[in-house]
Amino acid sequence: MEHTSLIIMVGGASSRMKRSLQAREEEDVMNQIPHKSLIPVGKQGRPFLYYLVTNAVEAGYTKLYLITSPENVAFQQLKDQGMFPEDLEVHLAVQQVPEEREKPLGTADALQQCLDQYPELQRTTFTVCNGDNLYSIGALKDLREERTVPHALISYGSSGFDYTEERIAKFAVMDISSDGFLQQIIEKPKAEEVPQYKDAAGELRVSMNIFSFFGAGIYPYLKNCPIDPIRDEKELPKAVGMLVAEQPKSVLCIPRSEHIPDLTDANDIQLFKNLD
């Protein structure tokens with residue numbers, strides 16, 4: 001089945017980034033920019049999203065779906081102003097906030113709403129990822145490769161990251177079977193638990209929230225995903241955990257070892273200053 005659709009979740013509130021800002025000019029930037037993916041970076045001052053989309057096009061994706069908040073004027077303007085390649089089909093999906101809530105219902109809900117608004121995605125295989133990580137062309141290509149199982153994700157070797165151990169400890173780790181299938185995603189495990197999740201080569205495998213799903217296969221788990229009692233959200237990793245619990249060997253783990261540039265706080269902005 002053709003796999004040329006990429007969904008990028010860009011509707012977050014950027015709260016951690018805003019809390020980390022110290023310089024007045026950076027505060028002004030974030031007050032005017034609704035999401036981290038629109039922060040200007042690099043030599044040309046292009047939105048961060050530009051570089052992720054460029055990698056996606058190089059990897060062979062021809063359809064782009066951006067999951068945004070209702071206040072998505074900035075993304076519509078990017079589309080209207082021709083920031084995206086002409087041969088890239090671009091769609092905006094809006095994650096509505098339930099009337100009884102003040103904030104969105106989480107990433108599992110975001111993806112479900114996207115599939116509700118674009119039902120063709122339920123009949124195909126697609127990739128979905130965060131809008132504040134710069135995934136490589138290679139990783140995006142890997143998820144487009146033909147496979148014998150309906151779903152996959154990239155399992156990153158933590159030794160390939162250029163991050164402090166403290167920051168890596170905040171990532172979700174993966175419990176992977178000996179034949180390469182996902183068994184569980186563990187959010188922020190306790191330090192004493194981490195060694196048990198290392199693979200045969202002694203590598204700790206980390207999820208950076210980039211997945212490939214067959215739409216109809218993941219949809220019921222998005223819809224039935226429970227609300228996390230601490231975060232008060234329906235989280236995509238939880239939906240995936242429910243999927244693999246019911247359907248073992250349905251999610252293939254594709255190993256890679258490389259650094260993933262990430263926008264979490266203000267200091268990260270400077271790391272992209274040399275992008276063309």
# chains A, B, ... in the order shown; residues from 1 in each chain; ligands from 1
>>> residues_around(residues="region 151-153 of chain A", least_positions_apart="5", cutoff="8 Å", atoms="only C-alpha atoms", output="ChimeraX atom specification")
/A:143,207,209-214,250-254
>>> write_last_selection(atoms="N, CA and C atoms", output="CSV table (one decimal), in the first residue's frame")
chain,number,residue,atom,x,y,z
A,143,LEU,N,10.3,4.6,7.7
A,143,LEU,CA,8.9,4.4,8.0
A,143,LEU,C,8.0,4.2,6.7
A,207,SER,N,11.8,6.2,22.5
A,207,SER,CA,10.8,6.7,21.6
A,207,SER,C,10.8,8.2,21.5
A,209,ASN,N,8.5,9.7,19.5
A,209,ASN,CA,7.1,10.0,19.0
A,209,ASN,C,7.1,10.2,17.5
A,210,ILE,N,7.6,9.2,16.8
A,210,ILE,CA,7.5,9.2,15.4
A,210,ILE,C,7.1,7.7,15.0
A,211,PHE,N,5.8,7.6,14.5
A,211,PHE,CA,5.2,6.3,14.3
A,211,PHE,C,4.7,6.2,12.8
A,212,SER,N,4.5,5.0,12.4
A,212,SER,CA,3.7,4.7,11.2
A,212,SER,C,2.6,3.8,11.5
A,213,PHE,N,1.4,4.2,11.1
A,213,PHE,CA,0.2,3.4,11.4
A,213,PHE,C,-0.6,3.1,10.2
A,214,PHE,N,-1.3,2.0,10.2
A,214,PHE,CA,-2.4,1.7,9.3
A,214,PHE,C,-3.7,2.3,10.0
A,250,SER,N,2.5,-6.5,16.4
A,250,SER,CA,1.8,-5.6,15.4
A,250,SER,C,2.6,-4.3,15.1
A,251,VAL,N,3.5,-4.0,16.0
A,251,VAL,CA,4.3,-2.7,15.9
A,251,VAL,C,5.8,-3.1,15.8
A,252,LEU,N,6.3,-2.9,14.6
A,252,LEU,CA,7.7,-3.2,14.3
A,252,LEU,C,8.6,-2.0,14.8
A,253,CYS,N,9.7,-2.3,15.5
A,253,CYS,CA,10.6,-1.3,16.0
A,253,CYS,C,11.8,-1.2,15.0
A,254,ILE,N,12.0,0.0,14.4
A,254,ILE,CA,13.0,0.2,13.4
A,254,ILE,C,14.2,0.9,14.1
>>> select_by_dssp(residues="region 187-238 of chain A", states="strand (DSSP E or B)", output="MDAnalysis selection string")
chainID A and resid 198 204:214
>>> write_last_selection(atoms="C-alpha atoms", output="CSV table (one decimal), in the first residue's frame")
chain,number,residue,atom,x,y,z
A,198,LYS,CA,18.4,-2.3,27.4
A,204,LEU,CA,18.7,1.8,25.7
A,205,ARG,CA,16.0,2.3,23.1
A,206,VAL,CA,14.0,5.6,23.2
A,207,SER,CA,10.8,6.7,21.6
A,208,MET,CA,10.8,10.2,20.0
A,209,ASN,CA,7.1,10.0,19.0
A,210,ILE,CA,7.5,9.2,15.4
A,211,PHE,CA,5.2,6.3,14.3
A,212,SER,CA,3.7,4.7,11.2
A,213,PHE,CA,0.2,3.4,11.4
A,214,PHE,CA,-2.4,1.7,9.3
>>> closest_residue(among="A:Leu134, A:Leu115, A:Leu105, A:Leu275", to="Lys234 (chain A)", atoms="only C-alpha atoms")
A:Leu105
>>> atom_distance(atom1="CA of Pro226 (chain A)", atom2="CA of Met174 (chain A)")
20.2 Å
>>> residues_around(residues="Arg144 (chain A)", least_positions_apart="4", cutoff="9 Å", atoms="only C-alpha atoms", output="PDB file with all heavy atoms, in the first residue's frame")
ATOM      1  N   GLU A   2       0.519   2.223  -0.841  1.00  0.00           N
ATOM      2  CA  GLU A   2       1.301   3.445  -0.939  1.00  0.00           C
ATOM      3  C   GLU A   2       1.313   4.185   0.393  1.00  0.00           C
ATOM      4  O   GLU A   2       0.296   4.312   1.053  1.00  0.00           O
ATOM      5  CB  GLU A   2       0.719   4.348  -2.036  1.00  0.00           C
ATOM      6  CG  GLU A   2       1.583   5.553  -2.334  1.00  0.00           C
ATOM      7  CD  GLU A   2       1.007   6.414  -3.439  1.00  0.00           C
ATOM      8  OE1 GLU A   2      -0.226   6.493  -3.537  1.00  0.00           O
ATOM      9  OE2 GLU A   2       1.787   7.006  -4.179  1.00  0.00           O
ATOM     10  N   HIS A   3       2.470   4.672   0.773  1.00  0.00           N
ATOM     11  CA  HIS A   3       2.629   5.359   2.053  1.00  0.00           C
ATOM     12  C   HIS A   3       3.314   6.697   1.777  1.00  0.00           C
ATOM     13  O   HIS A   3       4.540   6.799   1.780  1.00  0.00           O
ATOM     14  CB  HIS A   3       3.466   4.476   2.989  1.00  0.00           C
ATOM     15  CG  HIS A   3       3.721   5.084   4.337  1.00  0.00           C
ATOM     16  ND1 HIS A   3       4.404   4.422   5.326  1.00  0.00           N
ATOM     17  CD2 HIS A   3       3.406   6.286   4.867  1.00  0.00           C
ATOM     18  CE1 HIS A   3       4.494   5.186   6.400  1.00  0.00           C
ATOM     19  NE2 HIS A   3       3.898   6.323   6.130  1.00  0.00           N
ATOM     20  N   THR A   4       2.505   7.708   1.534  1.00  0.00           N
ATOM     21  CA  THR A   4       3.059   9.019   1.177  1.00  0.00           C
ATOM     22  C   THR A   4       2.478  10.147   2.024  1.00  0.00           C
ATOM     23  O   THR A   4       2.692  11.315   1.711  1.00  0.00           O
ATOM     24  CB  THR A   4       2.795   9.329  -0.309  1.00  0.00           C
ATOM     25  OG1 THR A   4       1.373   9.281  -0.559  1.00  0.00           O
ATOM     26  CG2 THR A   4       3.507   8.338  -1.211  1.00  0.00           C
ATOM     27  N   ALA A  59      12.187  12.654   1.669  1.00  0.00           N
ATOM     28  CA  ALA A  59      11.954  11.251   1.999  1.00  0.00           C
ATOM     29  C   ALA A  59      10.822  10.636   1.178  1.00  0.00           C
ATOM     30  O   ALA A  59      10.561   9.438   1.297  1.00  0.00           O
ATOM     31  CB  ALA A  59      11.646  11.108   3.488  1.00  0.00           C
ATOM     32  N   GLY A  60      10.151  11.444   0.367  1.00  0.00           N
ATOM     33  CA  GLY A  60       9.142  10.902  -0.531  1.00  0.00           C
ATOM     34  C   GLY A  60       7.696  11.125  -0.144  1.00  0.00           C
ATOM     35  O   GLY A  60       6.781  10.615  -0.795  1.00  0.00           O
ATOM     36  N   TYR A  61       7.444  11.927   0.882  1.00  0.00           N
ATOM     37  CA  TYR A  61       6.058  12.210   1.263  1.00  0.00           C
ATOM     38  C   TYR A  61       5.472  13.273   0.326  1.00  0.00           C
ATOM     39  O   TYR A  61       6.131  14.266   0.007  1.00  0.00           O
ATOM     40  CB  TYR A  61       5.981  12.692   2.713  1.00  0.00           C
ATOM     41  CG  TYR A  61       6.338  11.609   3.707  1.00  0.00           C
ATOM     42  CD1 TYR A  61       7.668  11.393   4.079  1.00  0.00           C
ATOM     43  CD2 TYR A  61       5.368  10.795   4.261  1.00  0.00           C
ATOM     44  CE1 TYR A  61       8.011  10.394   4.976  1.00  0.00           C
ATOM     45  CE2 TYR A  61       5.702   9.790   5.167  1.00  0.00           C
ATOM     46  CZ  TYR A  61       7.020   9.598   5.513  1.00  0.00           C
ATOM     47  OH  TYR A  61       7.360   8.601   6.398  1.00  0.00           O
ATOM     48  N   THR A 125      -1.879   3.812   5.091  1.00  0.00           N
ATOM     49  CA  THR A 125      -0.789   3.856   6.051  1.00  0.00           C
ATOM     50  C   THR A 125      -0.157   5.240   6.014  1.00  0.00           C
ATOM     51  O   THR A 125       0.032   5.814   4.941  1.00  0.00           O
ATOM     52  CB  THR A 125       0.269   2.780   5.727  1.00  0.00           C
ATOM     53  OG1 THR A 125      -0.349   1.489   5.815  1.00  0.00           O
ATOM     54  CG2 THR A 125       1.432   2.831   6.698  1.00  0.00           C
ATOM     55  N   PHE A 126       0.165   5.780   7.166  1.00  0.00           N
ATOM     56  CA  PHE A 126       0.719   7.134   7.244  1.00  0.00           C
ATOM     57  C   PHE A 126       1.759   7.187   8.354  1.00  0.00           C
ATOM     58  O   PHE A 126       1.853   6.288   9.203  1.00  0.00           O
ATOM     59  CB  PHE A 126      -0.386   8.160   7.515  1.00  0.00           C
ATOM     60  CG  PHE A 126      -1.194   7.885   8.757  1.00  0.00           C
ATOM     61  CD1 PHE A 126      -0.731   8.244  10.017  1.00  0.00           C
ATOM     62  CD2 PHE A 126      -2.428   7.250   8.665  1.00  0.00           C
ATOM     63  CE1 PHE A 126      -1.460   7.978  11.164  1.00  0.00           C
ATOM     64  CE2 PHE A 126      -3.174   6.964   9.805  1.00  0.00           C
ATOM     65  CZ  PHE A 126      -2.690   7.336  11.053  1.00  0.00           C
ATOM     66  N   THR A 127       2.545   8.251   8.347  1.00  0.00           N
ATOM     67  CA  THR A 127       3.486   8.546   9.428  1.00  0.00           C
ATOM     68  C   THR A 127       2.937   9.704  10.235  1.00  0.00           C
ATOM     69  O   THR A 127       2.324  10.614   9.680  1.00  0.00           O
ATOM     70  CB  THR A 127       4.869   8.906   8.852  1.00  0.00           C
ATOM     71  OG1 THR A 127       5.433   7.756   8.204  1.00  0.00           O
ATOM     72  CG2 THR A 127       5.835   9.370   9.940  1.00  0.00           C
ATOM     73  N   LEU A 140      12.511   9.199   8.283  1.00  0.00           N
ATOM     74  CA  LEU A 140      11.237   9.343   7.581  1.00  0.00           C
ATOM     75  C   LEU A 140      11.132   8.334   6.440  1.00  0.00           C
ATOM     76  O   LEU A 140      10.049   7.793   6.183  1.00  0.00           O
ATOM     77  CB  LEU A 140      11.096  10.781   7.067  1.00  0.00           C
ATOM     78  CG  LEU A 140      10.877  11.834   8.164  1.00  0.00           C
ATOM     79  CD1 LEU A 140      11.247  13.226   7.659  1.00  0.00           C
ATOM     80  CD2 LEU A 140       9.431  11.810   8.650  1.00  0.00           C
ATOM     81  N   SER A 212       4.463   4.997  12.388  1.00  0.00           N
ATOM     82  CA  SER A 212       3.721   4.735  11.155  1.00  0.00           C
ATOM     83  C   SER A 212       2.582   3.781  11.510  1.00  0.00           C
ATOM     84  O   SER A 212       2.811   2.749  12.139  1.00  0.00           O
ATOM     85  CB  SER A 212       4.624   4.107  10.095  1.00  0.00           C
ATOM     86  OG  SER A 212       3.859   3.732   8.961  1.00  0.00           O
TER      87      SER A 212
END
>>> closest_residue(among="A:Leu38, A:Ile227, A:Ile218, A:Leu111", to="Arg123 (chain A)", atoms="only C-alpha atoms")
A:Ile218
>>> atom_distance(atom1="CA of Lys249 (chain A)", atom2="CA of Ala216 (chain A)")
16.9 Å
>>> residues_around(residues="Ala108 (chain A)", least_positions_apart="2", cutoff="9 Å", atoms="only C-alpha atoms", output="list in words")
Leu105, Gly106, Ala110, Leu111, Gln112, Gln113, Tyr221, Leu222, Lys223, Cys225, Glu233, Lys234, Glu235, Leu236, Pro237, Lys238 and Ala239 of chain A
>>> write_last_selection(atoms="C-alpha atoms", output="PDB file, in the first residue's frame")
ATOM      1  CA  LEU A 105      -7.504  16.350  25.190  1.00  0.00           C
ATOM      2  CA  GLY A 106      -4.021  15.167  24.188  1.00  0.00           C
ATOM      3  CA  ALA A 110      -5.482  14.983  18.172  1.00  0.00           C
ATOM      4  CA  LEU A 111      -4.760  12.065  15.858  1.00  0.00           C
ATOM      5  CA  GLN A 112      -8.315  10.731  16.188  1.00  0.00           C
ATOM      6  CA  GLN A 113      -9.770  14.106  15.237  1.00  0.00           C
ATOM      7  CA  TYR A 221      -7.240   2.549  20.305  1.00  0.00           C
ATOM      8  CA  LEU A 222      -7.211   6.307  19.800  1.00  0.00           C
ATOM      9  CA  LYS A 223     -10.941   6.458  20.442  1.00  0.00           C
ATOM     10  CA  CYS A 225      -7.635   5.606  25.024  1.00  0.00           C
ATOM     11  CA  GLU A 233      -4.861  13.887  28.561  1.00  0.00           C
ATOM     12  CA  LYS A 234      -5.332  10.981  26.156  1.00  0.00           C
ATOM     13  CA  GLU A 235      -1.740  10.217  25.171  1.00  0.00           C
ATOM     14  CA  LEU A 236      -0.673   8.541  21.937  1.00  0.00           C
ATOM     15  CA  PRO A 237       1.937   6.262  23.611  1.00  0.00           C
ATOM     16  CA  LYS A 238      -0.825   4.929  25.874  1.00  0.00           C
ATOM     17  CA  ALA A 239      -2.999   4.123  22.847  1.00  0.00           C
TER      18      ALA A 239
END
>>> closest_residue(among="A:Ile67, A:Ile185, A:Val194, A:Ile154", to="Ala245 (chain A)", atoms="only C-alpha atoms")
A:Ile185
